[in-house]
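**Student:** See entry.cif below, with mmCIF, C-alpha atoms and all ligand atoms.
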```cif
data_work
#
loop_
_atom_site.label_atom_id
_atom_site.label_comp_id
_atom_site.auth_asym_id
_atom_site.auth_seq_id
_atom_site.Cartn_x
_atom_site.Cartn_y
_atom_site.Cartn_z
CA MET A 1 -2.32 35.80 -58.16
CA LYS A 2 -5.69 35.49 -56.50
CA SER A 3 -6.15 31.93 -57.78
CA MET A 4 -2.64 31.03 -56.56
CA ASN A 5 -3.51 32.19 -53.02
CA VAL A 6 -6.66 30.15 -53.13
CA ALA A 7 -4.64 27.14 -54.27
CA ILE A 8 -2.16 27.60 -51.38
CA ARG A 9 -4.98 27.95 -48.88
CA ARG A 10 -6.61 24.83 -50.29
CA ARG A 11 -3.34 22.90 -49.99
CA GLU A 12 -2.93 24.15 -46.40
CA PHE A 13 -6.48 23.12 -45.64
CA LEU A 14 -5.96 19.63 -47.10
CA ALA A 15 -2.67 19.27 -45.19
CA LEU A 16 -4.40 20.30 -41.99
CA ALA A 17 -7.24 17.89 -42.63
CA ALA A 18 -4.78 15.04 -43.14
CA ALA A 19 -2.73 15.88 -40.01
CA PRO A 20 -3.67 14.20 -36.71
CA LEU A 21 -5.53 17.17 -35.29
CA LEU A 22 -8.36 17.25 -32.83
CA ARG A 23 -10.04 20.44 -31.71
CA GLY A 24 -7.01 22.38 -32.90
CA MET A 25 -4.51 20.31 -30.94
CA PRO A 26 -2.32 17.45 -32.21
CA ILE A 27 -3.51 13.98 -31.24
CA LEU A 28 -0.99 12.74 -28.73
CA LYS A 29 0.23 9.17 -28.73
CA ILE A 30 1.46 7.20 -25.75
CA LYS A 31 5.20 6.81 -26.26
CA ASP A 32 6.36 5.28 -23.00
CA ILE A 33 5.04 4.14 -19.63
CA SER A 34 7.24 3.77 -16.56
CA VAL A 35 6.64 3.21 -12.85
CA ILE A 36 8.17 5.28 -10.04
CA THR A 37 8.42 3.45 -6.72
CA THR A 38 9.45 5.28 -3.58
CA GLU A 39 9.05 5.28 0.22
CA PRO A 40 10.02 8.76 1.47
CA ALA A 41 7.52 8.81 4.35
CA GLY A 42 7.83 5.15 5.40
CA VAL A 43 5.00 3.96 3.13
CA ARG A 44 5.44 2.32 -0.26
CA LEU A 45 4.10 4.65 -2.98
CA ILE A 46 3.61 3.85 -6.67
CA VAL A 47 3.28 6.47 -9.39
CA VAL A 48 2.84 5.73 -13.10
CA LYS A 49 4.47 8.10 -15.59
CA VAL A 50 3.00 8.22 -19.10
CA GLN A 51 5.08 9.97 -21.75
CA THR A 52 3.59 11.22 -25.01
CA ASP A 53 5.19 11.62 -28.40
CA GLN A 54 5.22 15.38 -27.84
CA ASP A 55 8.53 16.44 -26.31
CA GLY A 56 8.24 17.28 -22.63
CA LEU A 57 4.55 16.37 -22.37
CA TYR A 58 3.94 13.63 -19.79
CA GLY A 59 1.70 12.94 -16.81
CA TYR A 60 1.67 11.20 -13.44
CA GLY A 61 -0.96 8.96 -11.85
CA CYS A 62 -1.25 7.37 -8.40
CA ALA A 63 -1.29 3.56 -8.42
CA THR A 64 -0.55 3.03 -4.73
CA PHE A 65 -1.61 -0.31 -3.27
CA THR A 66 1.03 -0.29 -0.60
CA GLN A 67 0.43 -3.81 0.77
CA ARG A 68 0.97 -5.46 -2.65
CA ALA A 69 3.06 -2.79 -4.32
CA ASP A 70 5.33 -5.05 -6.38
CA LEU A 71 2.32 -6.66 -8.07
CA VAL A 72 0.98 -3.29 -9.26
CA VAL A 73 4.38 -2.46 -10.74
CA GLU A 74 4.28 -5.70 -12.74
CA ALA A 75 0.67 -5.17 -13.81
CA VAL A 76 1.59 -1.78 -15.28
CA SER A 77 4.89 -2.67 -16.90
CA ARG A 78 4.09 -6.19 -18.16
CA TYR A 79 0.42 -5.81 -19.13
CA LEU A 80 -0.78 -2.21 -19.50
CA LYS A 81 2.37 -0.86 -21.15
CA PRO A 82 2.34 -3.29 -24.12
CA LEU A 83 -1.41 -2.73 -24.48
CA LEU A 84 -1.15 1.06 -24.61
CA LEU A 85 2.06 2.01 -26.42
CA GLY A 86 1.22 3.85 -29.65
CA ARG A 87 -2.44 4.43 -28.68
CA PRO A 88 -3.92 7.95 -28.35
CA ALA A 89 -3.17 9.69 -25.05
CA ASP A 90 -6.22 11.94 -25.21
CA ALA A 91 -9.13 9.45 -25.19
CA ILE A 92 -9.35 8.88 -21.45
CA GLU A 93 -12.76 7.20 -21.27
CA ASP A 94 -11.91 4.87 -24.14
CA THR A 95 -8.51 4.03 -22.65
CA TRP A 96 -10.04 3.33 -19.24
CA GLU A 97 -12.56 0.90 -20.74
CA LEU A 98 -9.97 -0.94 -22.79
CA MET A 99 -7.63 -1.31 -19.80
CA TYR A 100 -10.50 -2.48 -17.59
CA ASN A 101 -11.75 -5.05 -20.10
CA SER A 102 -8.40 -6.29 -21.35
CA SER A 103 -7.81 -8.68 -18.45
CA TYR A 104 -11.32 -10.20 -18.75
CA TRP A 105 -11.20 -10.94 -14.96
CA ARG A 106 -11.61 -7.56 -13.33
CA ASN A 107 -12.55 -5.47 -10.26
CA GLY A 108 -9.49 -6.36 -8.23
CA PRO A 109 -7.26 -3.97 -6.27
CA VAL A 110 -4.02 -4.78 -8.14
CA LEU A 111 -5.50 -4.18 -11.60
CA ASN A 112 -7.65 -1.22 -10.51
CA ASN A 113 -4.62 0.54 -9.05
CA ALA A 114 -2.61 -0.13 -12.20
CA ILE A 115 -5.47 1.31 -14.29
CA SER A 116 -5.65 4.34 -11.97
CA GLY A 117 -1.95 5.06 -12.53
CA VAL A 118 -2.52 5.40 -16.27
CA ASP A 119 -5.93 7.09 -15.93
CA GLN A 120 -4.70 9.86 -13.64
CA ALA A 121 -1.58 10.32 -15.79
CA LEU A 122 -3.81 10.89 -18.84
CA TRP A 123 -5.80 13.53 -16.93
CA ASP A 124 -2.50 15.18 -15.94
CA ILE A 125 -1.42 15.17 -19.60
CA LYS A 126 -4.72 16.67 -20.73
CA GLY A 127 -4.40 19.45 -18.16
CA ARG A 128 -0.79 20.18 -19.08
CA GLN A 129 -1.71 20.22 -22.77
CA ALA A 130 -4.58 22.64 -22.14
CA GLY A 131 -2.51 24.74 -19.73
CA MET A 132 -5.18 24.22 -17.05
CA PRO A 133 -5.43 22.46 -13.69
CA VAL A 134 -7.57 19.33 -13.94
CA TYR A 135 -10.40 20.86 -11.88
CA GLU A 136 -10.93 23.32 -14.74
CA LEU A 137 -11.42 20.40 -17.13
CA LEU A 138 -14.14 19.09 -14.78
CA GLY A 139 -16.06 22.35 -14.98
CA GLY A 140 -14.18 24.64 -12.60
CA LYS A 141 -14.43 25.36 -8.90
CA ALA A 142 -17.59 24.58 -6.97
CA ARG A 143 -15.89 25.99 -3.80
CA SER A 144 -12.74 27.86 -2.82
CA ALA A 145 -11.14 25.20 -0.63
CA ALA A 146 -11.89 21.81 0.93
CA MET A 147 -12.38 21.24 4.66
CA ILE A 148 -10.02 18.55 5.92
CA TYR A 149 -9.87 16.30 8.95
CA ARG A 150 -6.71 15.31 10.76
CA HIS A 151 -5.95 12.38 13.06
CA ALA A 152 -5.44 12.50 16.84
CA ALA A 153 -4.49 9.24 18.55
CA GLY A 154 -2.81 8.14 21.75
CA ALA A 155 -2.29 5.05 23.86
CA GLU A 156 -4.33 6.79 26.58
CA ILE A 157 -7.42 9.02 26.41
CA PRO A 158 -5.73 12.22 27.73
CA GLU A 159 -3.00 11.81 25.12
CA THR A 160 -5.57 11.69 22.29
CA ILE A 161 -7.36 14.74 23.68
CA ASP A 162 -4.09 16.69 24.03
CA GLN A 163 -3.27 15.95 20.40
CA ALA A 164 -6.73 17.10 19.35
CA ARG A 165 -6.25 20.34 21.29
CA LYS A 166 -2.99 21.00 19.46
CA LEU A 167 -4.67 20.39 16.09
CA MET A 168 -7.53 22.73 17.06
CA ALA A 169 -4.97 25.41 18.02
CA GLY A 170 -3.51 24.97 14.51
CA GLY A 171 -6.88 25.66 12.90
CA ALA A 172 -8.30 22.13 12.51
CA LYS A 173 -12.08 22.12 12.25
CA ALA A 174 -12.53 18.35 12.19
CA ILE A 175 -10.52 15.63 13.93
CA ARG A 176 -10.62 11.83 13.91
CA LEU A 177 -10.10 10.44 17.41
CA GLN A 178 -8.70 6.97 18.13
CA VAL A 179 -7.31 5.49 21.35
CA GLY A 180 -5.31 2.40 22.24
CA VAL A 181 -6.66 -0.34 24.46
CA PRO A 182 -4.36 -1.64 27.21
CA GLY A 183 -3.02 -5.08 26.44
CA MET A 184 -4.05 -5.30 22.81
CA ALA A 185 -3.45 -3.95 19.34
CA ALA A 186 -5.57 -1.01 18.27
CA TYR A 187 -6.33 0.52 14.91
CA GLY A 188 -5.05 4.07 14.34
CA ALA A 189 -3.56 4.34 17.84
CA PRO A 190 -0.57 2.89 19.67
CA GLY A 191 -1.28 -0.55 21.14
CA GLY A 192 0.05 -2.08 24.33
CA PRO A 193 1.89 -5.35 25.01
CA HIS A 194 -0.37 -8.43 24.80
CA GLN A 195 -2.08 -9.65 27.90
CA GLY A 196 -3.72 -13.05 28.14
CA GLY A 197 -5.70 -14.56 25.31
CA ALA A 198 -5.77 -18.13 24.08
CA ALA A 199 -4.06 -17.55 20.72
CA GLU A 200 -1.48 -20.18 19.80
CA GLN A 201 0.44 -17.58 17.78
CA PRO A 202 1.55 -15.15 20.50
CA GLN A 203 3.45 -13.04 17.97
CA ASP A 204 0.22 -11.97 16.25
CA PRO A 205 -1.59 -8.81 17.44
CA ILE A 206 -4.75 -9.39 19.51
CA PHE A 207 -7.88 -7.25 19.23
CA ASP A 208 -10.94 -7.59 21.48
CA PRO A 209 -13.96 -5.88 19.84
CA GLU A 210 -15.93 -5.49 23.11
CA ALA A 211 -12.99 -3.88 24.94
CA TYR A 212 -12.40 -1.59 21.97
CA VAL A 213 -16.02 -0.41 21.95
CA ARG A 214 -16.06 0.29 25.71
CA ARG A 215 -12.82 2.25 25.47
CA SER A 216 -13.94 4.27 22.44
CA LEU A 217 -17.17 5.32 24.17
CA GLN A 218 -15.10 6.52 27.15
CA LEU A 219 -12.87 8.46 24.75
CA PHE A 220 -15.77 10.32 23.15
CA GLU A 221 -17.44 11.06 26.47
CA ALA A 222 -14.21 12.67 27.68
CA ALA A 223 -13.59 14.40 24.34
CA ARG A 224 -16.98 16.10 24.19
CA LYS A 225 -16.57 17.26 27.80
CA GLU A 226 -13.09 18.64 27.24
CA LEU A 227 -13.12 19.80 23.61
CA GLY A 228 -16.64 21.24 23.57
CA PRO A 229 -19.60 20.84 21.25
CA GLU A 230 -18.31 22.76 18.22
CA ILE A 231 -15.33 20.79 16.98
CA GLU A 232 -16.29 18.15 14.39
CA LEU A 233 -15.27 14.69 15.64
CA LEU A 234 -14.91 11.50 13.60
CA HIS A 235 -14.05 7.89 14.38
CA ASP A 236 -12.93 4.87 12.34
CA VAL A 237 -14.14 1.42 13.44
CA HIS A 238 -12.00 -0.07 10.67
CA GLU A 239 -14.51 -2.93 10.23
CA ARG A 240 -13.21 -4.81 13.23
CA VAL A 241 -16.45 -5.52 15.08
CA SER A 242 -19.33 -7.88 14.38
CA PRO A 243 -22.41 -6.47 12.61
CA ARG A 244 -24.51 -6.72 15.80
CA LEU A 245 -21.89 -4.86 17.84
CA ALA A 246 -21.56 -2.27 15.05
CA VAL A 247 -25.30 -1.52 15.25
CA GLN A 248 -25.10 -1.08 19.03
CA PHE A 249 -21.92 1.01 18.83
CA ALA A 250 -23.35 3.40 16.21
CA LYS A 251 -26.42 3.80 18.42
CA ASP A 252 -24.34 4.46 21.55
CA MET A 253 -22.18 7.01 19.69
CA GLU A 254 -25.23 9.01 18.57
CA GLN A 255 -25.10 11.20 21.72
CA PHE A 256 -21.60 12.48 20.79
CA ARG A 257 -22.81 14.04 17.52
CA LEU A 258 -20.10 12.69 15.22
CA PHE A 259 -19.33 14.21 11.83
CA PHE A 260 -19.26 10.57 10.76
CA LEU A 261 -18.56 7.06 11.93
CA GLU A 262 -16.28 5.33 9.43
CA ASP A 263 -16.27 1.70 8.30
CA ALA A 264 -18.63 0.44 11.00
CA LEU A 265 -19.03 -2.71 8.87
CA SER A 266 -16.80 -4.62 6.52
CA PRO A 267 -17.64 -4.70 2.78
CA GLU A 268 -18.86 -8.28 3.27
CA ASP A 269 -21.51 -7.13 5.78
CA ILE A 270 -22.90 -4.00 4.13
CA ASP A 271 -26.50 -5.24 4.29
CA TYR A 272 -26.38 -4.43 8.01
CA PHE A 273 -26.22 -0.69 7.22
CA ARG A 274 -30.01 -0.95 7.00
CA GLN A 275 -30.16 -1.91 10.66
CA ILE A 276 -27.81 0.88 11.76
CA ARG A 277 -29.96 3.36 9.81
CA ALA A 278 -33.10 2.06 11.48
CA HIS A 279 -31.68 2.55 14.98
CA CYS A 280 -29.83 5.88 15.02
CA THR A 281 -28.93 9.10 13.25
CA THR A 282 -25.14 8.72 13.53
CA PRO A 283 -23.78 9.81 10.11
CA LEU A 284 -22.09 6.91 8.32
CA ALA A 285 -19.07 6.82 6.02
CA MET A 286 -17.97 3.78 4.06
CA GLY A 287 -16.01 2.64 1.06
CA GLU A 288 -12.20 2.69 1.27
CA LEU A 289 -12.00 -1.02 0.40
CA PHE A 290 -14.53 -0.86 -2.42
CA ASN A 291 -13.41 -1.99 -5.88
CA SER A 292 -16.50 -1.80 -8.02
CA PRO A 293 -19.96 -0.31 -8.61
CA HIS A 294 -21.46 -3.53 -7.20
CA GLU A 295 -20.33 -2.36 -3.79
CA TRP A 296 -21.02 1.37 -3.73
CA THR A 297 -24.18 1.55 -5.85
CA PRO A 298 -26.57 -0.25 -3.43
CA LEU A 299 -25.45 1.84 -0.45
CA ILE A 300 -25.79 5.09 -2.39
CA LYS A 301 -29.07 4.43 -4.17
CA ASP A 302 -30.78 3.35 -0.95
CA SER A 303 -29.25 6.29 0.98
CA LEU A 304 -27.79 3.89 3.55
CA ILE A 305 -24.66 5.98 4.07
CA ASP A 306 -23.96 9.72 4.29
CA TYR A 307 -20.39 9.79 2.94
CA ILE A 308 -18.77 7.67 0.24
CA ARG A 309 -15.06 7.43 0.94
CA VAL A 310 -13.61 5.36 -1.83
CA HIS A 311 -9.82 5.14 -2.20
CA VAL A 312 -9.70 6.72 -5.66
CA SER A 313 -6.89 4.57 -7.09
CA GLN A 314 -8.50 1.42 -5.70
CA ALA A 315 -11.63 2.20 -7.73
CA GLY A 316 -9.57 2.75 -10.91
CA GLY A 317 -8.72 6.45 -10.86
CA LEU A 318 -10.32 9.82 -11.45
CA THR A 319 -12.58 8.61 -14.27
CA PRO A 320 -14.70 6.22 -12.13
CA ALA A 321 -14.42 8.43 -9.02
CA ARG A 322 -16.04 11.33 -10.85
CA LYS A 323 -18.92 9.02 -11.77
CA ILE A 324 -19.27 7.88 -8.16
CA ALA A 325 -19.48 11.51 -7.05
CA ASN A 326 -22.16 12.26 -9.62
CA LEU A 327 -24.19 9.19 -8.66
CA ALA A 328 -23.88 10.08 -4.96
CA GLU A 329 -25.01 13.67 -5.53
CA THR A 330 -28.36 12.44 -6.82
CA PHE A 331 -28.97 10.61 -3.53
CA GLN A 332 -27.69 13.31 -1.14
CA VAL A 333 -24.56 11.29 -0.32
CA LYS A 334 -21.39 13.38 0.04
CA THR A 335 -17.79 12.52 -0.79
CA ALA A 336 -14.98 11.91 1.71
CA TRP A 337 -12.23 10.38 -0.44
CA HIS A 338 -9.75 8.19 1.44
CA GLY A 339 -6.64 10.30 2.12
CA PRO A 340 -4.13 8.55 4.41
CA GLY A 341 -0.35 8.17 4.02
CA ASP A 342 -0.70 5.34 1.50
CA VAL A 343 -2.01 7.74 -1.12
CA SER A 344 0.78 9.41 -3.12
CA PRO A 345 0.84 13.23 -3.47
CA ILE A 346 -0.50 12.72 -7.01
CA GLY A 347 -3.44 10.82 -5.50
CA HIS A 348 -3.98 13.58 -2.93
CA CYS A 349 -4.10 16.08 -5.80
CA ALA A 350 -6.74 13.94 -7.54
CA ASN A 351 -8.74 13.91 -4.27
CA VAL A 352 -8.54 17.68 -3.85
CA THR A 353 -9.44 18.19 -7.52
CA LEU A 354 -12.67 16.24 -6.97
CA ASP A 355 -13.27 18.06 -3.66
CA ILE A 356 -13.06 21.42 -5.39
CA ALA A 357 -15.02 20.51 -8.52
CA CYS A 358 -17.87 18.33 -7.20
CA ARG A 359 -21.05 19.80 -5.81
CA ASN A 360 -21.50 17.10 -3.14
CA PHE A 361 -18.13 17.34 -1.41
CA GLY A 362 -18.26 16.46 2.29
CA ILE A 363 -14.79 16.41 3.88
CA GLN A 364 -11.24 15.37 2.99
CA GLU A 365 -9.05 13.12 5.15
CA TRP A 366 -5.62 14.69 5.19
CA THR A 367 -2.03 13.58 5.74
CA MET A 368 0.64 16.21 6.30
CA PRO A 369 3.84 15.51 4.32
CA ASN A 370 7.32 15.13 5.80
CA ASP A 371 10.43 16.80 4.33
CA ARG A 372 11.52 13.71 2.39
CA LEU A 373 8.13 13.48 0.68
CA LEU A 374 8.38 17.14 -0.34
CA GLU A 375 11.89 16.51 -1.65
CA VAL A 376 10.48 13.87 -4.03
CA PHE A 377 7.14 15.52 -4.88
CA ASP A 378 7.05 19.26 -5.63
CA GLY A 379 3.52 20.67 -5.52
CA TYR A 380 1.81 19.05 -2.49
CA PRO A 381 -1.46 20.92 -1.86
CA VAL A 382 -1.26 23.58 0.86
CA VAL A 383 -3.37 23.53 4.06
CA LYS A 384 -4.39 26.69 5.87
CA ASP A 385 -6.74 26.98 8.87
CA GLY A 386 -8.33 23.58 8.38
CA TYR A 387 -8.82 23.86 4.61
CA VAL A 388 -6.77 22.42 1.74
CA TYR A 389 -6.27 24.49 -1.40
CA VAL A 390 -6.00 22.97 -4.86
CA ASN A 391 -2.78 23.35 -6.80
CA GLU A 392 -3.32 25.96 -9.54
CA LYS A 393 -0.64 24.74 -11.98
CA PRO A 394 -1.59 22.80 -15.16
CA GLY A 395 -2.53 19.13 -14.70
CA TRP A 396 -2.07 18.03 -11.10
CA GLY A 397 0.60 20.69 -10.72
CA VAL A 398 3.10 18.20 -9.32
CA GLU A 399 6.63 17.43 -10.51
CA ILE A 400 8.56 14.38 -9.31
CA ASN A 401 12.29 14.40 -8.63
CA GLU A 402 13.02 10.85 -9.79
CA LYS A 403 16.59 10.91 -8.46
CA ALA A 404 15.27 11.84 -5.02
CA ALA A 405 12.58 9.12 -5.33
CA ALA A 406 15.32 6.54 -5.96
CA ARG A 407 17.03 7.51 -2.69
CA TYR A 408 14.07 5.98 -0.79
CA PRO A 409 13.55 2.51 -2.29
CA PHE A 410 10.88 0.09 -1.08
CA GLY A 411 11.83 -1.42 2.27
CA SER A 412 14.42 1.25 3.10
CA SER A 413 12.62 2.54 6.19
CA GLU A 414 10.57 -0.53 7.18
CA ARG A 415 11.40 -2.63 10.21
CA GLY A 416 10.55 -6.07 11.61
CA GLU A 417 7.44 -7.93 10.48
CA HIS A 418 6.46 -5.20 8.04
CA LYS A 419 9.79 -5.48 6.23
CA LYS A 420 9.69 -9.29 6.31
CA LEU A 421 6.24 -9.19 4.66
CA ASN A 422 7.50 -6.95 1.83
CA GLY A 423 5.33 -4.05 3.06
CA GLY A 424 2.32 -6.28 3.83
CA TRP A 425 0.22 -6.04 6.98
CA GLY A 426 0.16 -9.55 8.50
CA VAL A 427 -2.70 -10.70 10.72
CA VAL A 428 -4.89 -9.60 13.65
CA ARG A 429 -6.71 -12.08 15.95
CA ARG A 430 -9.42 -12.06 18.59
CA PRO A 431 -8.25 -13.18 22.05
CA ASP A 432 -9.44 -16.74 21.25
CA GLY A 433 -7.17 -16.84 18.18
CA THR A 434 -9.76 -16.18 15.46
CA VAL A 435 -8.45 -14.09 12.56
CA ILE A 436 -10.38 -10.83 12.12
CA ASN A 437 -10.26 -7.96 9.59
CA GLN A 438 -6.96 -6.09 9.47
MG MG B 501 -10.74 3.72 7.39
#
```
Could you express the structure from this file as structure tokens?
**Tutor:**
Amino acid sequence: MKSMNVAIRRREFLALAAAPLLRGMPILKIKDISVITTEPAGVRLIVVKVQTDQDGLYGYGCATFTQRADLVVEAVSRYLKPLLLGRPADAIEDTWELMYNSSYWRNGPVLNNAISGVDQALWDIKGRQAGMPVYELLGGKARSAAMIYRHAAGAEIPETIDQARKLMAGGAKAIRLQVGVPGMAAYGAPGGPHQGGAAEQPQDPIFDPEAYVRRSLQLFEAARKELGPEIELLHDVHERVSPRLAVQFAKDMEQFRLFFLEDALSPEDIDYFRQIRAHCTTPLAMGELFNSPHEWTPLIKDSLIDYIRVHVSQAGGLTPARKIANLAETFQVKTAWHGPGDVSPIGHCANVTLDIACRNFGIQEWTMPNDRLLEVFDGYPVVKDGYVYVNEKPGWGVEINEKAAARYPFGSSERGEHKKLNGGWGVVRRPDGTVINQ
């Protein structure tokens, strides 16, 4: 009898050894990959869904590159899907590397976003399988909640300040201020009808960097007077001025004690951060357009910026973003992940996961959802008194109503030029007609 039990146990042991088990859990395989496209808040969003061979176990990842959305969809369904079907769903680092290297030509926004969709979906799957939110897989909470900043913007200075007051009354502790400039397009604020200029394409928006800088300095002078010294204020240059003007502007803004000045330079001009650093103490944030370590590593290792604000899906997902955060921590650079409306709720959850789990969190840009977005995505992180709280459900803690997503197809809420360009952004010119950064 005793020997029979031993024989059964031995057989069970051999069967277990032969089964695809890893750390007590079955090795999952990737069974299907699909792409969810939707526009519930007027912005094209892309989410990748990875299904495993275990019934009901799947994950979602943000792959939103809103200006070239259709290309990301094709990159996932025509290239990554055939590459990944049947491969393990639990080897995230390995899968990231094979996706990244499989195109040979790499570091571009279309492919990085496609990779991010799969990468974040695999993290979601791992969390769901473990019954834990993803931040637990990264080591657990380093803080209770993440401080956010909201946007206040108006065509006129008093309008921007009124909006900021309302946000402060709602508990906001940090606010980005932008203002329009009469007679020209502005970034992050309503523009006015065009006036003058020598451009031969009068339909294209005009932006005058000098006028923008003068107006922005007036805005912050008024804001500090009216909003007081305690509220944290931020501003986004959106890379639209020359390097020389950026150095002067950062220096002139020093007196207003910003939380940070964002994108003072374009990625092509990042060497000029050295000059800004040499001339003022204005805290600097940079990185939403970055694709690769070649861009963020020099700025971080030479401590030329204070906040790295990569768009997580643009860099390839949670896997590389976590590495960026760890690199930045060593050099006293904090994180401020890009968090506008062209990040899906899955992407916002990835941001908040990093915010909660990483030691060197700085601040989180935040977009409040509308009702249609909440109809499609169940589990958007909750904001209270200027802080965002991570979702405590397994994985990202988000479920997608795919029928609701289909009610808001690409292009359904776009108008005019935006719709004509298939969700693209068009062009911006200086008054003399020169094309400048978007
Ligand atoms: Mg920006």
**Student:** Report the closest atom pair, with its distance in Å rounded to one decimal, for each residue of stretch 159-267 of chain A that has an atom no farther than 7 Å from stretch 419-430 of chain A; count only C-alpha atoms, sort by chain and then rising residue number, and write it as a Markdown table.
**Tutor:**
```
| residue | atom | partner | partner_atom | distance |
| --- | --- | --- | --- | --- |
| A:Asp204 | CA | A:Val428 | CA | 6.2 |
| A:Pro205 | CA | A:Val428 | CA | 5.1 |
| A:Ile206 | CA | A:Arg429 | CA | 4.9 |
| A:Phe207 | CA | A:Arg430 | CA | 5.1 |
| A:Asp208 | CA | A:Arg430 | CA | 5.5 |
```
**Student:** Using only C-alpha atoms and all ligand atoms, which residues of the polymer chains come no farther than 7 Å from ligand MG 501 (chain B)? I'd like the answer as a PyMOL selection string.
**Tutor:** chain A and resi 236+238+262-263+288
**Student:** For atom CA of A:Asp119 and atom CA of A:Gly317, quote the distance in Å rounded to one decimal.
**Tutor:** 5.8 Å
**Student:** How far is it from atom CA of A:Arg143 to atom CA of A:Thr330, in Å with one decimal?
**Tutor:**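 Separation between atom CA of A:Arg143 and atom CA of A:Thr330: 18.7 Å.
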**Student:** Atom CA of A:Ile436 and atom CA of A:Glu295, how far apart in Å?
**Tutor:**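 Atom CA of A:Ile436 lies 20.6 Å from atom CA of A:Glu295.
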**Student:** Restricting the calculation to all atoms listed in the file: of A:Gly171, A:Gly154, A:Leu219, A:Glu254, which residue gets closest to A:Tyr187?
**Tutor:**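 Among the listed residues, the smallest separation from A:Tyr187 belongs to A:Gly154.
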**Student:** Which polymer residues, whether protein, DNA or RNA, lie within 12 Å of the coordinate (-28.7, 7.4, 13.4) when you count all atoms listed in the file? List them as a short mmCIF file (atom, residue, chain, number, x, y, z; two decimals) with C-alpha atoms, in the frame of the given file, using the chain letters and numbers from the file.
**Tutor:**
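Done, and the output landed in point34.cif:
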```cif
data_model
loop_
_atom_site.label_atom_id
_atom_site.label_comp_id
_atom_site.auth_asym_id
_atom_site.auth_seq_id
_atom_site.Cartn_x
_atom_site.Cartn_y
_atom_site.Cartn_z
CA VAL A 247 -25.30 -1.52 15.25
CA GLN A 248 -25.10 -1.08 19.03
CA PHE A 249 -21.92 1.01 18.83
CA ALA A 250 -23.35 3.40 16.21
CA LYS A 251 -26.42 3.80 18.42
CA ASP A 252 -24.34 4.46 21.55
CA MET A 253 -22.18 7.01 19.69
CA GLU A 254 -25.23 9.01 18.57
CA GLN A 255 -25.10 11.20 21.72
CA PHE A 256 -21.60 12.48 20.79
CA ARG A 257 -22.81 14.04 17.52
CA LEU A 258 -20.10 12.69 15.22
CA PHE A 259 -19.33 14.21 11.83
CA PHE A 260 -19.26 10.57 10.76
CA LEU A 261 -18.56 7.06 11.93
CA PHE A 273 -26.22 -0.69 7.22
CA ARG A 274 -30.01 -0.95 7.00
CA GLN A 275 -30.16 -1.91 10.66
CA ILE A 276 -27.81 0.88 11.76
CA ARG A 277 -29.96 3.36 9.81
CA ALA A 278 -33.10 2.06 11.48
CA HIS A 279 -31.68 2.55 14.98
CA CYS A 280 -29.83 5.88 15.02
CA THR A 281 -28.93 9.10 13.25
CA THR A 282 -25.14 8.72 13.53
CA PRO A 283 -23.78 9.81 10.11
CA LEU A 284 -22.09 6.91 8.32
CA LEU A 304 -27.79 3.89 3.55
CA ILE A 305 -24.66 5.98 4.07
CA ASP A 306 -23.96 9.72 4.29
#
```
**Student:** Hey, which of A:Lys301, A:Asp90, A:Asp371, A:Ile33 ends up closest to A:Gly127? Count all atoms listed in the file.
**Tutor:**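 Result for the nearest residue to A:Gly127: A:Asp90.
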**Student:** Would you please work out which residue, of A:Ser116, A:Ser34, A:Gln129, A:Ser144, is nearest to A:Asp55 when using all atoms listed in the file?
**Tutor:**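 Distance minimum relative to A:Asp55 lands on A:Gln129.
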**Student:** Pick from A:Asp94, A:Pro133, A:Ala41, A:Pro109: nearest to A:Asn291, with all atoms listed in the file counted?
**Tutor:**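 Comparing A:Asp94, A:Pro133, A:Ala41, A:Pro109 against A:Asn291, the winner is A:Pro109.
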**Student:** Find, counting all atoms listed in the file, the residue in A:Arg215, A:Arg44, A:Arg165, A:Arg244 that gets nearest to A:Asp70.
**Tutor:**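 Selected residue with least distance to A:Asp70: A:Arg44.
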